[in-house]
Amino acid sequence: MSNQLGLAVKPVTEYDDAEVKRVAEWINTEEYKEKNFARQALVINPAHACQPLGAELVAHAFEGTLPFVHGSQGCASYYRSTLNRHFREPAPAVSDAMTEDGAVFGGQNNLHEGLENAIALYKPKMVAVFTSCMPEIIGDDLTAFLKNARNKGIIPADMPTPYANTPSFNGSHIHGYDAMLLSILQTLTAGKQVEGRCTGKLNLIPGFDANTGNFREYKRILEAFGIPYTILGDISDVFDSPLDGTYRPYPGGTTLDDAADSINGKATLNLGPYSAAKTFSWVKDSYSGKHASLPMPMGVTKTDDFLKKLSELFGKPVPESLKEERGRAVDAMTDAHQYIHNKKFAVYGDPDQLLGYVSFLLEMGAKPYHILCSKGTKKLEKEIQALLDTSPYGAGCKIYINKDLWHMRSLLMTDPVDAMIGDTHGKFAARDAGIPLFRFGFPIFDRVNKHRYPIIGYQGVVNMLTEICNKFLDITDETCEDRFFEMMR
Ligand code: SF4
């Protein structure tokens with residue numbers, strides 16, 4: 001072997017082809033699966049990201065807000081590039097770029113200099129500060145650092161500066177999302193509750209959701225009802241802004257005034273029971289009006305529950321247009337069910353979305369056979385099991401909590417399924433298993449525009465089943481013998 005200069009290069013490791021073949025076959029066996037599932041100290045290809053990434057997503061969701069990472073530059077680049085690759089839009093955020101001296105002496109100087117520069121350069125209306133692992137490990141006191149910054153006049157007196165500790169060695173992106181959203185709402189609503197005032201609006205908490213189409217769908221449904229609303233927080237225009245030749249660093253987002261007045265709302269509906277749990281718990285104790293929490297409205301039943309709850313909270317009947325939409329979705333399900341019926345699926349992702357995938361598949365007569373969450377709880381496991389128990393298609397389906405996508409690979413190779421549902425990280429396992437991967441999760445780097453197609457509501461049902469069933473029909477066309485290659489499927 002030689003390099004471009006013609007010099008001999010000695011491979012670091014010599015591979016024996018027969019050994020490579022033996023191991024490649026062995027990792028597909030039951031024996032290997034048992035060893036893989038006995039693994040404790042190592043995570044391989046987890047189906048989740050770290051806390052600050054979720055904090056950055058929700059920071060972008062508010063008007064004029066600059067996400068500010070107190071911590072390492074490399075970490076900040078990771079969150080930004082993940083959001084940027086998923087949405088194919090800019091994700092402008094800054095970092096105070098802590099390095100070795102910050103790790104030794106603490107990061108206050110970095111934070112103060114960073115805030116001064118960022119506020120002067122990027123002129124935000126709000127700065128949302130959150131942490132990467134390094135300042136969490138050395139124990140930086142964010143509360144004191146920000147208080148000092150305000151006392152020194154680095155942060156203007158009237159600039160809201162919510163902050164959240166987002167230690168990545170604990171929890172996942174959904175917990176960072178929750179912590180940052182909570183701090184944003186606590187900061188903006190402080191002192192804004194007015195006795196007897198009611199905005200007449202619904203506060204909708206969507207939870208961690210990186211599908212801009214879902215946000216537009218929520219708005220369309222609420223507008224059909226004639227319900228005034230504030231989405232806490234709204235990424236639809238931030239990560240799906242028009243290309244018109246003008247760069248806007250802060251396109252869209254929930255206005256700070258609306259967010260501040262949300263404490264006087266008529267009702268608050270949380271659709272992220274797992275990804276906005278702490279926020280909703282605080283809202284219940286602090287906000288005026290009625291409060292309710294429902295699963296993400298994926299599949300017909302959960303969408304029905306969502307619409308019924310809106311109707312109940314606002315005393316308005318479900319609009320005829322949405323009833324007709326439901327009928328069309330049920331028609332589309334009936335037309336397509338034969339192509340998905342009894343098919344086995346492996347599903348993985350965030351708790352709120354997982355519950356949605358399972359509901360949808362059971363409604364279609366499919367089996368969510370391997371269900372995996374790489375950061376989950378006993379409560380989630382029980383909730384998924386209760387859902388499986390509602391349908392004969394749930395029989396024999398298994399739930400794997402706190403397992404990763406390398407575990408999933410073992411499951412696919414030893415107990416095969418017809419397809420997977422999840423994010424791009426599962427494509428390696430899907431390729432090894434020779435099955436399609438339906439990308440409905442986050443992040444999706446290797447397909448375009450997926451985040452523009454809603455997967456919630458009745459339209460979401462139609463979108464999901466169309467994509468899945470047409471792929472199965474493609475496979476039939478691509479693999480059938482000539483004599484079975486038919487016009488009609
Ligand atoms: S896990 Fe920690 S070190 Fe890694 S990117 Fe996230 S914040 Fe940075």
# chains A, B, ... in the order shown; residues from 1 in each chain; ligands from 1
>>> residues_around(residues="range 107-123 of chain A", least_positions_apart="2", cutoff="8 Å", atoms="only C-alpha atoms", output="ChimeraX atom specification")
/A:66,70-71,94-98,102-103,105,125,135,140,145,149,154-155
>>> closest_atom_pairs(of="chain A", to="ligand 1", cutoff="8 Å", atoms="only C-alpha atoms and all ligand atoms", output="CSV")
residue,atom,partner,partner_atom_place_in_ligand_line,distance
A:Ala49,CA,ligand 1,6 (Fe),7.4
A:Cys50,CA,ligand 1,6 (Fe),4.8
A:Gln51,CA,ligand 1,6 (Fe),6.9
A:Pro52,CA,ligand 1,7 (S),6.3
A:Leu53,CA,ligand 1,6 (Fe),7.6
A:Gly71,CA,ligand 1,7 (S),7.8
A:Ser72,CA,ligand 1,8 (Fe),6.8
A:Gly74,CA,ligand 1,8 (Fe),7.0
A:Cys75,CA,ligand 1,8 (Fe),4.0
A:Ala76,CA,ligand 1,8 (Fe),7.3
A:Tyr78,CA,ligand 1,5 (S),6.2
A:Tyr79,CA,ligand 1,5 (S),7.4
A:Thr131,CA,ligand 1,7 (S),7.2
A:Ser132,CA,ligand 1,7 (S),3.8
A:Cys133,CA,ligand 1,2 (Fe),4.1
A:Met134,CA,ligand 1,3 (S),6.9
A:Pro167,CA,ligand 1,7 (S),6.9
A:Ser168,CA,ligand 1,1 (S),4.8
A:Phe169,CA,ligand 1,1 (S),6.4
>>> select_by_dssp(residues="range 56-227 of chain A", states="strand (DSSP E or B)", output="number ranges by chain")
A: 62, 65-70, 94-95, 126-131, 163-164, 202-205
>>> write_last_selection(atoms="C-alpha atoms", output="mmCIF file, in the first residue's frame")
data_model
loop_
_atom_site.group_PDB
_atom_site.id
_atom_site.type_symbol
_atom_site.label_atom_id
_atom_site.label_comp_id
_atom_site.auth_asym_id
_atom_site.auth_seq_id
_atom_site.Cartn_x
_atom_site.Cartn_y
_atom_site.Cartn_z
ATOM 1 C CA PHE A 62 -39.124 33.087 20.669
ATOM 2 C CA THR A 65 -33.950 35.545 20.877
ATOM 3 C CA LEU A 66 -30.271 34.712 20.720
ATOM 4 C CA PRO A 67 -29.397 31.239 22.042
ATOM 5 C CA PHE A 68 -26.187 31.571 24.068
ATOM 6 C CA VAL A 69 -24.100 28.517 24.962
ATOM 7 C CA HIS A 70 -22.018 28.890 28.095
ATOM 8 C CA VAL A 94 -23.365 31.989 19.987
ATOM 9 C CA SER A 95 -20.962 30.431 22.450
ATOM 10 C CA MET A 126 -33.732 38.310 24.607
ATOM 11 C CA VAL A 127 -30.686 36.149 25.319
ATOM 12 C CA ALA A 128 -31.353 32.561 26.407
ATOM 13 C CA VAL A 129 -28.328 31.113 28.202
ATOM 14 C CA PHE A 130 -27.725 27.409 28.697
ATOM 15 C CA THR A 131 -24.742 25.220 29.459
ATOM 16 C CA TYR A 163 -31.065 30.641 31.712
ATOM 17 C CA ALA A 164 -31.059 26.911 32.258
ATOM 18 C CA LEU A 202 -55.314 29.160 24.288
ATOM 19 C CA ASN A 203 -51.680 28.618 25.201
ATOM 20 C CA LEU A 204 -50.484 25.612 23.236
ATOM 21 C CA ILE A 205 -47.311 23.892 24.415
#
>>> residues_around(residues="range 184-195 of chain A", least_positions_apart="3", cutoff="10 Å", atoms="only C-alpha atoms", output="PyMOL selection string")
chain A and resi 58-59+62+126-129+160-164+178-181+198+232-233+256-265+279+282-283+286-288
>>> write_last_selection(atoms="N, CA and C atoms", output="compact mmCIF listing (two decimals), in the first residue's frame")
# COMPACT_ATOMS: atom_id res chain seq x y z
N VAL A 58 -35.66 25.48 21.58
CA VAL A 58 -36.77 26.27 22.13
C VAL A 58 -36.38 27.75 22.26
N ALA A 59 -35.09 28.03 22.42
CA ALA A 59 -34.67 29.44 22.46
C ALA A 59 -34.95 30.11 21.12
N PHE A 62 -38.58 31.83 20.14
CA PHE A 62 -39.12 33.09 20.67
C PHE A 62 -38.51 34.27 19.91
N MET A 126 -33.87 39.18 23.43
CA MET A 126 -33.73 38.31 24.61
C MET A 126 -32.53 37.41 24.36
N VAL A 127 -31.78 37.12 25.42
CA VAL A 127 -30.69 36.15 25.32
C VAL A 127 -31.05 34.97 26.21
N ALA A 128 -31.02 33.77 25.63
CA ALA A 128 -31.35 32.56 26.41
C ALA A 128 -30.06 31.78 26.62
N VAL A 129 -29.63 31.71 27.88
CA VAL A 129 -28.33 31.11 28.20
C VAL A 129 -28.52 29.68 28.71
N PRO A 160 -34.58 40.61 28.92
CA PRO A 160 -34.79 39.33 29.59
C PRO A 160 -33.65 38.36 29.27
N THR A 161 -33.16 37.70 30.31
CA THR A 161 -32.06 36.75 30.11
C THR A 161 -32.37 35.46 30.87
N PRO A 162 -33.30 34.66 30.33
CA PRO A 162 -33.57 33.38 30.98
C PRO A 162 -32.35 32.47 30.87
N TYR A 163 -32.20 31.57 31.79
CA TYR A 163 -31.06 30.64 31.71
C TYR A 163 -31.45 29.29 32.29
N ALA A 164 -30.76 28.27 31.79
CA ALA A 164 -31.06 26.91 32.26
C ALA A 164 -29.78 26.12 32.36
N ASP A 178 -37.20 21.34 27.93
CA ASP A 178 -38.12 21.60 29.03
C ASP A 178 -37.55 22.65 29.99
N ALA A 179 -36.28 22.47 30.37
CA ALA A 179 -35.65 23.38 31.34
C ALA A 179 -35.58 24.80 30.78
N MET A 180 -35.23 24.92 29.49
CA MET A 180 -35.11 26.26 28.89
C MET A 180 -36.47 26.90 28.71
N LEU A 181 -37.47 26.11 28.27
CA LEU A 181 -38.82 26.67 28.10
C LEU A 181 -39.35 27.17 29.44
N CYS A 198 -58.22 38.25 31.34
CA CYS A 198 -58.15 36.99 30.58
C CYS A 198 -57.92 37.33 29.12
N LEU A 232 -46.35 28.25 22.51
CA LEU A 232 -45.19 28.45 23.38
C LEU A 232 -44.18 27.33 23.12
N GLY A 233 -43.13 27.47 22.35
CA GLY A 233 -42.80 28.50 21.44
C GLY A 233 -42.89 27.95 20.02
N LEU A 256 -42.52 38.17 22.39
CA LEU A 256 -42.24 38.21 23.83
C LEU A 256 -43.47 38.73 24.58
N ASP A 257 -44.22 39.64 23.95
CA ASP A 257 -45.43 40.16 24.61
C ASP A 257 -46.47 39.06 24.78
N ASP A 258 -46.67 38.28 23.72
CA ASP A 258 -47.65 37.18 23.82
C ASP A 258 -47.22 36.16 24.86
N ALA A 259 -45.92 35.86 24.87
CA ALA A 259 -45.43 34.89 25.86
C ALA A 259 -45.63 35.42 27.28
N ALA A 260 -45.38 36.72 27.47
CA ALA A 260 -45.54 37.32 28.80
C ALA A 260 -47.00 37.28 29.23
N ASP A 261 -47.90 37.54 28.28
CA ASP A 261 -49.33 37.60 28.61
C ASP A 261 -49.96 36.20 28.69
N SER A 262 -49.18 35.17 28.33
CA SER A 262 -49.76 33.81 28.34
C SER A 262 -50.20 33.41 29.74
N ILE A 263 -49.63 34.06 30.76
CA ILE A 263 -49.99 33.72 32.15
C ILE A 263 -51.45 34.10 32.45
N ASN A 264 -52.02 34.98 31.61
CA ASN A 264 -53.42 35.39 31.78
C ASN A 264 -54.34 34.69 30.78
N GLY A 265 -53.89 33.56 30.26
CA GLY A 265 -54.65 32.87 29.21
C GLY A 265 -55.95 32.27 29.72
N THR A 279 -42.27 22.12 32.74
CA THR A 279 -42.90 23.39 32.37
C THR A 279 -44.38 23.34 32.69
N TRP A 282 -45.25 23.53 36.35
CA TRP A 282 -45.18 24.91 36.86
C TRP A 282 -46.36 25.75 36.36
N VAL A 283 -46.71 25.55 35.07
CA VAL A 283 -47.83 26.30 34.49
C VAL A 283 -49.12 26.03 35.28
N SER A 286 -49.17 28.13 38.25
CA SER A 286 -48.92 29.56 38.12
C SER A 286 -49.87 30.29 37.16
N TYR A 287 -50.37 29.61 36.13
CA TYR A 287 -51.15 30.29 35.10
C TYR A 287 -52.63 30.35 35.47
N SER A 288 -53.28 31.40 35.03
CA SER A 288 -54.74 31.50 35.15
C SER A 288 -55.39 30.53 34.16
>>> select_by_dssp(residues="range 134-203 of chain A", states="alpha helix (DSSP H)", output="PyMOL selection string")
chain A and resi 134-138+142-151+173-189
>>> write_last_selection(atoms="N, CA and C atoms", output="mmCIF file, in the first residue's frame")
data_model
loop_
_atom_site.group_PDB
_atom_site.id
_atom_site.type_symbol
_atom_site.label_atom_id
_atom_site.label_comp_id
_atom_site.auth_asym_id
_atom_site.auth_seq_id
_atom_site.Cartn_x
_atom_site.Cartn_y
_atom_site.Cartn_z
ATOM 1 N N MET A 134 -19.004 21.083 30.145
ATOM 2 C CA MET A 134 -17.820 21.558 30.877
ATOM 3 C C MET A 134 -18.165 22.444 32.076
ATOM 4 N N PRO A 135 -18.945 23.526 31.912
ATOM 5 C CA PRO A 135 -19.248 24.344 33.084
ATOM 6 C C PRO A 135 -20.075 23.606 34.130
ATOM 7 N N GLU A 136 -20.843 22.608 33.685
ATOM 8 C CA GLU A 136 -21.622 21.833 34.651
ATOM 9 C C GLU A 136 -20.696 20.972 35.501
ATOM 10 N N ILE A 137 -19.674 20.411 34.864
ATOM 11 C CA ILE A 137 -18.761 19.527 35.598
ATOM 12 C C ILE A 137 -17.933 20.334 36.605
ATOM 13 N N ILE A 138 -17.498 21.541 36.204
ATOM 14 C CA ILE A 138 -16.672 22.319 37.147
ATOM 15 C C ILE A 138 -17.541 23.106 38.132
ATOM 16 N N LEU A 142 -24.175 29.719 37.382
ATOM 17 C CA LEU A 142 -24.772 30.554 36.335
ATOM 18 C C LEU A 142 -25.611 31.687 36.942
ATOM 19 N N THR A 143 -26.321 31.385 38.014
ATOM 20 C CA THR A 143 -27.170 32.390 38.661
ATOM 21 C C THR A 143 -26.317 33.584 39.091
ATOM 22 N N ALA A 144 -25.211 33.294 39.778
ATOM 23 C CA ALA A 144 -24.353 34.380 40.263
ATOM 24 C C ALA A 144 -23.678 35.112 39.101
ATOM 25 N N PHE A 145 -23.209 34.354 38.104
ATOM 26 C CA PHE A 145 -22.505 34.971 36.967
ATOM 27 C C PHE A 145 -23.418 35.967 36.237
ATOM 28 N N LEU A 146 -24.683 35.568 36.056
ATOM 29 C CA LEU A 146 -25.603 36.443 35.322
ATOM 30 C C LEU A 146 -26.012 37.641 36.175
ATOM 31 N N LYS A 147 -26.129 37.421 37.476
ATOM 32 C CA LYS A 147 -26.437 38.537 38.380
ATOM 33 C C LYS A 147 -25.293 39.560 38.334
ATOM 34 N N ASN A 148 -24.072 39.048 38.363
ATOM 35 C CA ASN A 148 -22.907 39.942 38.282
ATOM 36 C C ASN A 148 -22.894 40.701 36.949
ATOM 37 N N ALA A 149 -23.249 39.986 35.872
ATOM 38 C CA ALA A 149 -23.254 40.629 34.548
ATOM 39 C C ALA A 149 -24.269 41.767 34.519
ATOM 40 N N ARG A 150 -25.398 41.539 35.167
ATOM 41 C CA ARG A 150 -26.422 42.598 35.187
ATOM 42 C C ARG A 150 -25.947 43.768 36.055
ATOM 43 N N ASN A 151 -25.347 43.449 37.191
ATOM 44 C CA ASN A 151 -24.843 44.513 38.072
ATOM 45 C C ASN A 151 -23.775 45.359 37.395
ATOM 46 N N HIS A 173 -32.065 15.712 24.987
ATOM 47 C CA HIS A 173 -32.496 16.991 24.403
ATOM 48 C C HIS A 173 -33.885 17.419 24.879
ATOM 49 N N ILE A 174 -34.756 16.436 25.196
ATOM 50 C CA ILE A 174 -36.114 16.846 25.612
ATOM 51 C C ILE A 174 -36.082 17.499 26.997
ATOM 52 N N HIS A 175 -35.127 17.067 27.835
ATOM 53 C CA HIS A 175 -35.045 17.668 29.179
ATOM 54 C C HIS A 175 -34.437 19.071 29.106
ATOM 55 N N GLY A 176 -33.494 19.275 28.183
ATOM 56 C CA GLY A 176 -32.939 20.613 27.982
ATOM 57 C C GLY A 176 -33.996 21.563 27.428
ATOM 58 N N TYR A 177 -34.815 21.031 26.530
ATOM 59 C CA TYR A 177 -35.919 21.807 25.958
ATOM 60 C C TYR A 177 -36.845 22.285 27.089
ATOM 61 N N ASP A 178 -37.197 21.336 27.934
ATOM 62 C CA ASP A 178 -38.125 21.599 29.030
ATOM 63 C C ASP A 178 -37.549 22.651 29.989
ATOM 64 N N ALA A 179 -36.277 22.467 30.369
ATOM 65 C CA ALA A 179 -35.652 23.379 31.340
ATOM 66 C C ALA A 179 -35.578 24.801 30.775
ATOM 67 N N MET A 180 -35.234 24.921 29.490
ATOM 68 C CA MET A 180 -35.105 26.260 28.891
ATOM 69 C C MET A 180 -36.469 26.904 28.711
ATOM 70 N N LEU A 181 -37.466 26.114 28.273
ATOM 71 C CA LEU A 181 -38.818 26.669 28.096
ATOM 72 C C LEU A 181 -39.350 27.170 29.439
ATOM 73 N N LEU A 182 -39.131 26.380 30.474
ATOM 74 C CA LEU A 182 -39.593 26.776 31.804
ATOM 75 C C LEU A 182 -38.967 28.111 32.206
ATOM 76 N N SER A 183 -37.672 28.231 32.011
ATOM 77 C CA SER A 183 -36.995 29.471 32.409
ATOM 78 C C SER A 183 -37.472 30.666 31.570
ATOM 79 N N ILE A 184 -37.672 30.436 30.276
ATOM 80 C CA ILE A 184 -38.160 31.524 29.407
ATOM 81 C C ILE A 184 -39.522 32.013 29.910
ATOM 82 N N LEU A 185 -40.418 31.069 30.183
ATOM 83 C CA LEU A 185 -41.764 31.473 30.619
ATOM 84 C C LEU A 185 -41.732 32.109 32.001
ATOM 85 N N GLN A 186 -40.919 31.552 32.891
ATOM 86 C CA GLN A 186 -40.822 32.147 34.239
ATOM 87 C C GLN A 186 -40.290 33.572 34.153
ATOM 88 N N THR A 187 -39.304 33.783 33.284
ATOM 89 C CA THR A 187 -38.700 35.114 33.154
ATOM 90 C C THR A 187 -39.685 36.107 32.539
ATOM 91 N N LEU A 188 -40.319 35.690 31.430
ATOM 92 C CA LEU A 188 -41.170 36.642 30.703
ATOM 93 C C LEU A 188 -42.474 36.954 31.436
ATOM 94 N N THR A 189 -42.977 35.982 32.215
ATOM 95 C CA THR A 189 -44.285 36.208 32.849
ATOM 96 C C THR A 189 -44.157 36.813 34.251
#
